[in-house]
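Next comes model-v8.cif, a file with mmCIF, C-alpha atoms.
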```cif
data_input
#
loop_
_atom_site.label_atom_id
_atom_site.label_comp_id
_atom_site.auth_asym_id
_atom_site.auth_seq_id
_atom_site.Cartn_x
_atom_site.Cartn_y
_atom_site.Cartn_z
CA MET S 519 68.90 -43.30 -15.70
CA LYS S 520 72.42 -42.64 -16.86
CA ARG S 521 73.89 -39.26 -16.08
CA GLY S 522 73.00 -36.76 -18.82
CA GLU S 523 70.40 -39.05 -20.39
CA LEU S 524 67.01 -37.39 -20.62
CA LEU S 525 63.65 -38.83 -21.53
CA GLY S 526 62.38 -38.17 -25.05
CA SER S 527 59.28 -35.97 -25.27
CA LEU S 528 56.97 -38.87 -26.06
CA GLU S 529 58.58 -41.05 -23.37
CA HIS S 530 58.10 -38.20 -20.91
CA ILE S 531 54.43 -37.72 -21.80
CA ILE S 532 53.66 -41.44 -21.72
CA LEU S 533 55.37 -41.92 -18.36
CA LEU S 534 53.36 -39.01 -16.96
CA ALA S 535 50.16 -40.56 -18.34
CA LEU S 536 51.05 -43.88 -16.66
CA VAL S 537 51.59 -42.10 -13.33
CA ARG S 538 48.20 -40.37 -13.72
CA LEU S 539 46.42 -43.62 -14.58
CA ASP S 540 48.01 -45.35 -11.61
CA GLY S 541 48.34 -49.03 -12.55
CA ASN S 542 45.21 -49.23 -14.70
CA ALA S 543 46.95 -48.26 -17.91
CA TYR S 544 46.91 -49.99 -21.24
CA GLY S 545 47.61 -48.60 -24.72
CA MET S 546 44.15 -47.29 -25.55
CA ILE S 547 43.66 -45.59 -22.18
CA VAL S 548 47.11 -43.99 -22.36
CA ARG S 549 46.42 -42.77 -25.90
CA ARG S 550 43.06 -41.26 -24.87
CA GLU S 551 44.50 -39.68 -21.73
CA ILE S 552 47.18 -37.93 -23.83
CA GLU S 553 44.63 -36.89 -26.46
CA GLU S 554 42.28 -35.43 -23.84
CA ARG S 555 45.01 -33.52 -22.03
CA THR S 556 47.24 -32.37 -24.88
CA GLY S 557 45.10 -32.67 -28.02
CA ARG S 558 47.81 -34.86 -29.55
CA ASN S 559 46.24 -37.63 -31.62
CA LEU S 560 48.87 -40.35 -31.25
CA SER S 561 48.68 -43.67 -33.04
CA ILE S 562 48.34 -46.73 -30.84
CA GLY S 563 51.45 -48.13 -32.54
CA ALA S 564 53.53 -45.14 -31.44
CA VAL S 565 52.24 -45.57 -27.87
CA TYR S 566 53.18 -49.26 -27.76
CA ALA S 567 56.55 -48.72 -29.48
CA THR S 568 57.39 -46.12 -26.80
CA LEU S 569 56.10 -48.34 -24.00
CA GLU S 570 58.26 -51.17 -25.33
CA ARG S 571 61.30 -48.86 -25.30
CA LEU S 572 60.51 -47.76 -21.75
CA GLU S 573 60.15 -51.40 -20.69
CA THR S 574 63.54 -52.26 -22.22
CA LYS S 575 65.04 -49.40 -20.21
CA GLY S 576 63.42 -50.78 -17.06
CA TYR S 577 61.25 -47.71 -16.48
CA VAL S 578 57.95 -49.60 -16.80
CA SER S 579 56.81 -53.19 -16.42
CA SER S 580 53.90 -54.91 -18.11
CA PHE S 581 51.60 -57.80 -17.42
CA THR S 582 48.85 -59.45 -19.43
CA GLY S 583 45.23 -59.07 -18.37
CA GLU S 584 42.27 -61.32 -19.09
CA PRO S 585 40.90 -61.57 -22.67
CA THR S 586 37.50 -59.89 -23.02
CA PRO S 587 34.75 -60.29 -25.68
CA GLU S 588 34.64 -56.54 -26.46
CA ARG S 589 38.30 -56.80 -27.49
CA GLY S 590 37.60 -59.71 -29.84
CA GLY S 591 38.90 -62.14 -27.21
CA ARG S 592 42.27 -60.40 -26.99
CA ALA S 593 44.03 -59.72 -23.73
CA LYS S 594 44.99 -56.28 -22.43
CA ARG S 595 48.62 -55.47 -21.75
CA LEU S 596 48.70 -53.36 -18.61
CA PHE S 597 51.65 -51.17 -17.72
CA ARG S 598 52.91 -49.70 -14.49
CA VAL S 599 55.76 -47.30 -13.73
CA GLU S 600 58.74 -48.78 -11.90
CA ALA S 601 60.97 -46.96 -9.40
CA ALA S 602 63.56 -46.33 -12.14
CA GLY S 603 60.82 -44.72 -14.25
CA LYS S 604 59.77 -42.41 -11.41
CA GLN S 605 63.41 -41.47 -10.89
CA ALA S 606 63.81 -40.75 -14.63
CA LEU S 607 60.69 -38.56 -14.54
CA GLN S 608 62.00 -36.62 -11.54
CA THR S 609 65.38 -36.06 -13.23
CA SER S 610 63.75 -34.93 -16.48
CA ASN S 611 61.32 -32.62 -14.71
CA GLN S 612 64.14 -31.19 -12.61
CA THR S 613 66.26 -30.54 -15.73
CA ILE S 614 63.39 -28.81 -17.51
CA ARG S 615 62.61 -26.72 -14.42
CA SER S 616 66.27 -25.71 -14.14
CA MET S 617 66.46 -24.75 -17.79
CA THR S 618 63.21 -22.80 -17.82
CA ALA S 619 63.84 -20.96 -14.54
CA GLY S 620 64.01 -17.22 -15.06
CA LEU S 621 62.87 -17.38 -18.68
CA LYS S 622 59.36 -16.06 -18.03
CA GLY S 623 60.21 -12.70 -19.58
CA HIS S 624 61.71 -14.33 -22.68
CA TRP S 625 58.73 -16.42 -23.84
CA GLY S 626 57.64 -13.71 -26.24
CA THR S 627 61.03 -13.69 -27.96
CA ILE S 628 61.72 -17.46 -28.12
CA MET V 772 32.77 -57.20 -43.02
CA ARG V 773 30.02 -57.62 -40.42
CA ARG V 774 28.37 -54.62 -38.80
CA GLY V 775 30.24 -53.83 -35.60
CA SER V 776 33.38 -55.65 -36.64
CA PRO V 777 36.40 -53.59 -37.70
CA PRO V 778 37.79 -53.65 -41.28
CA THR V 779 39.06 -57.19 -41.89
CA PHE V 780 41.96 -56.29 -44.15
CA ALA V 781 43.26 -53.64 -41.76
CA CYS V 782 43.10 -56.21 -38.93
CA TRP V 783 44.93 -58.78 -41.02
CA LEU V 784 47.57 -56.23 -42.02
CA LEU V 785 48.23 -55.40 -38.37
CA GLU V 786 48.14 -59.03 -37.36
CA SER V 787 50.73 -59.90 -40.01
CA LEU V 788 53.10 -57.04 -39.40
CA LEU V 789 52.99 -56.27 -35.70
CA PRO V 790 55.71 -57.76 -33.48
CA ASP V 791 54.49 -60.75 -31.45
CA PRO V 792 54.43 -59.33 -27.89
CA TYR V 793 52.24 -56.34 -28.89
CA ARG V 794 50.06 -57.85 -31.63
CA GLU V 795 47.26 -58.93 -29.31
CA ALA V 796 47.36 -55.76 -27.23
CA VAL V 797 47.34 -53.31 -30.17
CA LEU V 798 44.59 -55.15 -32.05
CA GLY V 799 42.53 -55.60 -28.89
CA ASP V 800 42.83 -51.90 -28.08
CA LEU V 801 41.82 -50.88 -31.60
CA ILE V 802 38.86 -53.29 -31.65
CA GLU V 803 37.71 -52.02 -28.24
CA GLU V 804 37.92 -48.37 -29.27
CA TYR V 805 36.31 -49.11 -32.65
CA ALA V 806 33.35 -50.68 -30.81
CA LEU V 807 33.05 -47.53 -28.65
CA ARG V 808 33.29 -45.22 -31.65
CA ILE V 809 30.72 -47.09 -33.73
CA GLU V 810 28.16 -46.37 -30.98
CA SER V 811 28.64 -42.62 -31.27
CA THR V 812 29.56 -42.19 -34.97
CA SER V 813 28.77 -43.85 -38.28
CA ARG V 814 30.39 -47.10 -39.38
CA LEU V 815 32.21 -45.22 -42.15
CA THR V 816 33.75 -42.70 -39.72
CA ALA V 817 34.73 -45.46 -37.30
CA SER V 818 36.27 -47.52 -40.13
CA ARG V 819 38.16 -44.47 -41.40
CA TRP V 820 39.51 -43.93 -37.87
CA PHE V 821 40.50 -47.61 -37.66
CA TRP V 822 42.30 -47.47 -41.02
CA SER V 823 44.05 -44.25 -40.04
CA GLN V 824 45.23 -45.85 -36.76
CA ALA V 825 46.33 -49.01 -38.61
CA CYS V 826 48.32 -47.05 -41.22
CA ARG V 827 49.88 -44.70 -38.67
CA SER V 828 50.65 -47.53 -36.27
CA LEU V 829 52.59 -49.57 -38.81
CA PRO V 830 55.70 -47.35 -39.26
CA PRO V 831 56.65 -47.17 -35.54
CA THR V 832 55.86 -50.83 -34.91
CA VAL V 833 57.58 -52.04 -38.09
CA TRP V 834 60.61 -49.96 -37.14
CA SER V 835 60.48 -51.54 -33.71
CA LEU V 836 60.11 -54.95 -35.40
CA LEU V 837 63.10 -54.30 -37.67
CA ARG V 838 65.25 -53.52 -34.65
CA SER V 839 64.21 -56.70 -32.89
CA ARG V 840 65.29 -60.33 -33.21
CA ASP V 841 61.78 -61.23 -34.42
CA CYS V 842 62.44 -59.65 -37.78
CA LEU V 843 65.55 -61.74 -38.43
CA ILE V 844 63.63 -64.92 -37.57
CA SER V 845 60.78 -63.96 -39.97
CA ILE V 846 63.25 -63.13 -42.78
CA SER V 847 65.09 -66.44 -42.24
CA ILE V 848 61.82 -68.39 -42.40
CA ALA V 849 60.77 -66.46 -45.54
CA MET V 850 64.13 -67.27 -47.17
CA GLY V 851 63.78 -70.96 -46.27
CA VAL V 852 60.25 -71.14 -47.70
CA TYR V 853 61.40 -69.20 -50.76
CA ILE V 854 64.11 -71.82 -51.46
CA PHE V 855 61.53 -74.57 -50.93
CA MET V 856 59.17 -72.84 -53.42
CA GLY V 857 62.02 -72.51 -55.94
CA THR V 858 62.79 -76.22 -55.65
CA LEU V 859 59.11 -77.08 -56.03
CA LYS V 860 58.75 -74.89 -59.13
CA PHE V 861 61.96 -76.23 -60.65
CA ALA V 862 60.74 -79.83 -60.16
CA ALA V 863 57.32 -79.02 -61.65
CA ASP V 864 58.87 -77.25 -64.66
CA TRP V 865 61.23 -80.16 -65.21
CA MET V 866 58.38 -82.67 -65.08
CA ILE V 867 56.28 -80.62 -67.50
CA SER V 868 59.10 -80.18 -70.02
CA LYS V 869 60.21 -83.84 -69.85
CA LEU V 870 56.98 -85.72 -69.40
CA ILE V 871 54.03 -83.64 -70.65
CA ALA V 872 54.87 -81.02 -73.23
CA PRO V 873 58.33 -79.76 -73.99
CA ASP V 874 57.27 -76.92 -76.40
CA GLN V 875 57.38 -73.26 -75.35
CA THR V 876 53.69 -72.43 -76.03
CA THR V 877 52.42 -75.09 -73.62
CA HIS V 878 54.98 -73.92 -71.10
CA VAL V 879 53.64 -70.34 -71.35
CA VAL V 880 50.11 -71.63 -70.72
CA LEU V 881 51.08 -73.89 -67.82
CA ALA V 882 53.60 -71.49 -66.20
CA PRO V 883 50.98 -69.32 -64.38
CA ILE V 884 49.25 -72.42 -62.99
CA VAL V 885 52.52 -73.86 -61.68
CA PHE V 886 53.65 -70.46 -60.38
CA LEU V 887 50.41 -69.65 -58.55
CA THR V 888 50.16 -73.14 -57.07
CA THR V 889 53.72 -72.79 -55.80
CA THR V 890 53.05 -69.38 -54.26
CA VAL V 891 49.85 -70.61 -52.56
CA ILE V 892 51.76 -73.58 -51.10
CA GLY V 893 54.60 -71.25 -50.04
CA GLY V 894 52.13 -68.85 -48.41
CA CYS V 895 50.45 -71.72 -46.52
CA VAL V 896 53.80 -73.11 -45.31
CA ALA V 897 55.04 -69.67 -44.22
CA THR V 898 51.77 -68.95 -42.40
CA ARG V 899 51.94 -72.31 -40.66
CA ILE V 900 55.48 -71.62 -39.42
CA ARG V 901 55.22 -67.91 -38.66
CA ARG V 902 52.56 -65.50 -39.90
CA GLY V 903 54.94 -62.53 -39.94
CA ALA V 904 57.14 -64.32 -42.49
CA THR V 905 54.50 -64.13 -45.25
CA ILE V 906 55.03 -60.41 -45.83
CA PHE V 907 58.76 -60.96 -46.39
CA LEU V 908 57.98 -63.94 -48.63
CA ALA V 909 55.58 -61.78 -50.69
CA LEU V 910 58.34 -59.19 -51.00
CA LEU V 911 60.83 -61.82 -52.19
CA VAL V 912 58.32 -63.10 -54.79
CA THR V 913 57.68 -59.54 -56.06
CA ILE V 914 61.40 -58.83 -56.42
CA THR V 915 62.01 -62.16 -58.18
CA VAL V 916 59.15 -61.64 -60.67
CA ALA V 917 60.27 -58.05 -61.35
CA ILE V 918 63.83 -59.25 -62.05
CA LEU V 919 62.59 -62.09 -64.30
CA ILE V 920 60.40 -59.65 -66.26
CA ASP V 921 63.33 -57.26 -66.60
CA VAL V 922 65.74 -59.91 -67.92
CA LYS V 923 63.00 -61.17 -70.31
CA VAL V 924 63.26 -64.80 -69.25
CA CYS V 925 60.39 -65.78 -71.58
CA SER V 926 61.77 -66.51 -75.05
CA ILE V 927 58.48 -66.00 -76.92
CA PRO V 928 56.60 -62.65 -76.85
CA VAL V 929 53.83 -62.45 -74.26
CA PRO V 930 51.27 -59.64 -73.67
CA TRP V 931 51.85 -57.10 -70.88
CA TRP V 932 48.92 -58.34 -68.82
CA TYR V 933 50.52 -61.78 -68.66
CA GLN V 934 53.59 -60.36 -66.94
CA PHE V 935 51.48 -57.96 -64.88
CA GLY V 936 49.44 -60.96 -63.67
CA PHE V 937 52.58 -62.64 -62.37
CA LEU V 938 53.69 -59.43 -60.65
CA THR V 939 50.39 -58.82 -58.85
CA LEU V 940 48.91 -62.30 -58.34
CA GLY V 941 52.22 -63.79 -57.17
CA PRO V 942 52.56 -61.76 -53.95
CA LEU V 943 48.77 -61.76 -53.48
CA THR V 944 48.55 -65.55 -53.46
CA VAL V 945 51.35 -65.62 -50.89
CA ILE V 946 49.44 -63.36 -48.50
CA LEU V 947 45.97 -64.80 -49.19
CA PRO V 948 46.24 -67.96 -47.03
CA PRO V 949 46.61 -66.03 -43.75
CA LEU V 950 43.83 -63.64 -44.84
CA PHE V 951 41.43 -66.52 -45.55
CA GLY V 952 42.52 -68.18 -42.32
CA ARG V 953 41.55 -65.05 -40.46
CA LEU V 954 38.23 -64.67 -42.31
CA LYS V 955 37.39 -68.28 -41.50
CA GLN V 956 38.31 -67.69 -37.87
CA GLN V 957 35.87 -64.75 -37.76
CA GLY V 958 33.16 -66.87 -39.36
CA THR V 959 32.70 -64.64 -42.44
CA VAL V 960 33.66 -67.53 -44.74
CA THR V 961 31.58 -70.62 -44.20
#
```
Give the structure from the file, written as structure tokens.
Amino acid sequence: MKRGELLGSLEHIILLALVRLDGNAYGMIVRREIEERTGRNLSIGAVYATLERLETKGYVSSFTGEPTPERGGRAKRLFRVEAAGKQALQTSNQTIRSMTAGLKGHWGTI
Amino acid sequence: MRRGSPPTFACWLLESLLPDPYREAVLGDLIEEYALRIESTSRLTASRWFWSQACRSLPPTVWSLLRSRDCLISISIAMGVYIFMGTLKFAADWMISKLIAPDQTTHVVLAPIVFLTTTVIGGCVATRIRRGATIFLALLVTITVAILIDVKVCSIPVPWWYQFGFLTLGPLTVILPPLFGRLKQQGTVT
């Protein structure tokens, strides 16, 4: 990750979901994981568009699974977080922690 | 639409518009979740969810498509097929006016037949080359018909529904071949 470049909020959330799902992540599972944890009802298109962006940046990699009948004979596209993605997550988390440190008393006024 | 199978038109819409690398994955995911939802809710609720996902999924994926090289390829193919359709229509019009009936009234009667045949052929050719190109071809046909209506290319007065027919049926016949292809694939058309 370039210096000063932070993850977008959706990129951040999706990367965290991928880390949680640990290699068994495809669009639908990621979408449901986010919905269950945050209540955010994302569209599958938004999830894949973000995953594509993350893949272009080298933060995630994807591979095609086997086609299954319950998917109408369509293959899954599974994603996993790469080392660069984990680094980007650490940097983003660190930045947020640094910026929120000492603000506990201000939450009521922000 | 068969029971248990997601809305056909929504599937076709996604299949036509989604960028190639994610088309299979997005549709597969939606079909899988639709199958899970139909077990716990009604078909109507599950279909509504599917449509909502399809409609909300299109803007981010189309935006992603527009930023990719895929879009330029689809537009180029659509332009090529559009020129081919124009040549075909010009040749047919020329043959009709020279060989069959040169008067305007016969031309007005035959024009929709020639036009719709040309658009069906164009739609089939575009689908054969690249399915994603049909939507751009339909857009080109709509713009062309709208311009021709605006400049009043027809020298004799015609009713509004005649022009409206061109405007609606033109793009529809372009996008129908891939839709029927898909229906046939699913076994709903025998």
Open item on the list: Taking the file as I've supplied it (selection: the PyMOL selection byres ((chain S) within 9 of (chain V))), which residues are included? Please answer as a ChimeraX atom specification.
Closed with: /S:544-547,560-568,570-571,582,585-586,588-595
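Distances here use all atoms listed in the file; by that measure, the residue among S:Gln605, S:Glu554, S:Asp540, S:Phe597 closest to S:Gly583 is S:Phe597.
Atom pair atom CA of V:Arg814 / atom CA of V:Ala781 has a distance of 14.6 Å (rounded to one decimal).
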Hits of the PyMOL selection byres ((chain S and resi 522-532) around 9) in this structure, as an mmCIF file with C-alpha atoms, in the coordinates of the input:
```
data_model
loop_
_atom_site.group_PDB
_atom_site.id
_atom_site.type_symbol
_atom_site.label_atom_id
_atom_site.label_comp_id
_atom_site.auth_asym_id
_atom_site.auth_seq_id
_atom_site.Cartn_x
_atom_site.Cartn_y
_atom_site.Cartn_z
ATOM 1 C CA MET S 519 68.900 -43.300 -15.700
ATOM 2 C CA LYS S 520 72.420 -42.640 -16.860
ATOM 3 C CA ARG S 521 73.890 -39.260 -16.080
ATOM 4 C CA LEU S 533 55.370 -41.920 -18.360
ATOM 5 C CA LEU S 534 53.360 -39.010 -16.960
ATOM 6 C CA ALA S 535 50.160 -40.560 -18.340
ATOM 7 C CA LEU S 536 51.050 -43.880 -16.660
ATOM 8 C CA VAL S 537 51.590 -42.100 -13.330
ATOM 9 C CA VAL S 548 47.110 -43.990 -22.360
ATOM 10 C CA ARG S 549 46.420 -42.770 -25.900
ATOM 11 C CA ILE S 552 47.180 -37.930 -23.830
ATOM 12 C CA ALA S 564 53.530 -45.140 -31.440
ATOM 13 C CA VAL S 565 52.240 -45.570 -27.870
ATOM 14 C CA THR S 568 57.390 -46.120 -26.800
ATOM 15 C CA LEU S 569 56.100 -48.340 -24.000
ATOM 16 C CA ARG S 571 61.300 -48.860 -25.300
ATOM 17 C CA LEU S 572 60.510 -47.760 -21.750
ATOM 18 C CA ALA S 606 63.810 -40.750 -14.630
ATOM 19 C CA LEU S 607 60.690 -38.560 -14.540
ATOM 20 C CA THR S 609 65.380 -36.060 -13.230
ATOM 21 C CA SER S 610 63.750 -34.930 -16.480
ATOM 22 C CA ASN S 611 61.320 -32.620 -14.710
ATOM 23 C CA THR S 613 66.260 -30.540 -15.730
#
```
TODO: Please write as a ChimeraX atom specification the full residue list that the PyMOL selection byres ((chain V and resi 886-896) around 10) yields on this file.
DONE: /V:848-849,851-860,863-864,881-885,897-902,904-906,908-909,912,937,940-949,952
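Coordinates place atom CA of V:Pro777 at a distance of 8.3 Å from atom CA of V:Ala817.
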- [ ] Mind giving me the straight-line distance from atom CA of S:Lys575 to atom CA of V:Ser845 in Å, one decimal?
- [x] 24.9 Å
Task: S:Arg538, S:Arg555, S:Arg598, S:Arg615 ranked by distance to S:Tyr577, top pick (using all atoms listed in the file) - done: S:Arg598
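With all atoms listed in the file as the basis for measurement, V:Gln934 is the residue among V:Leu788, V:Leu837, V:Phe861, V:Gln934 that approaches V:Ile918 most closely.
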Task: Counting only C-alpha atoms, the option among S:Asn559, S:Lys604, S:Arg550, S:Asn542 closest to S:Ser580 - done: S:Asn542
Could you put an axis-aligned box around every listed atom of stretch 874-880 of chain V, padded by 5 Å on each side, and send me its centre and edge lengths in Å to one decimal, as JSON?
```
{"center_x": 53.7, "center_y": -73.6, "center_z": -73.6, "size_x": 17.3, "size_y": 16.6, "size_z": 15.7}
```
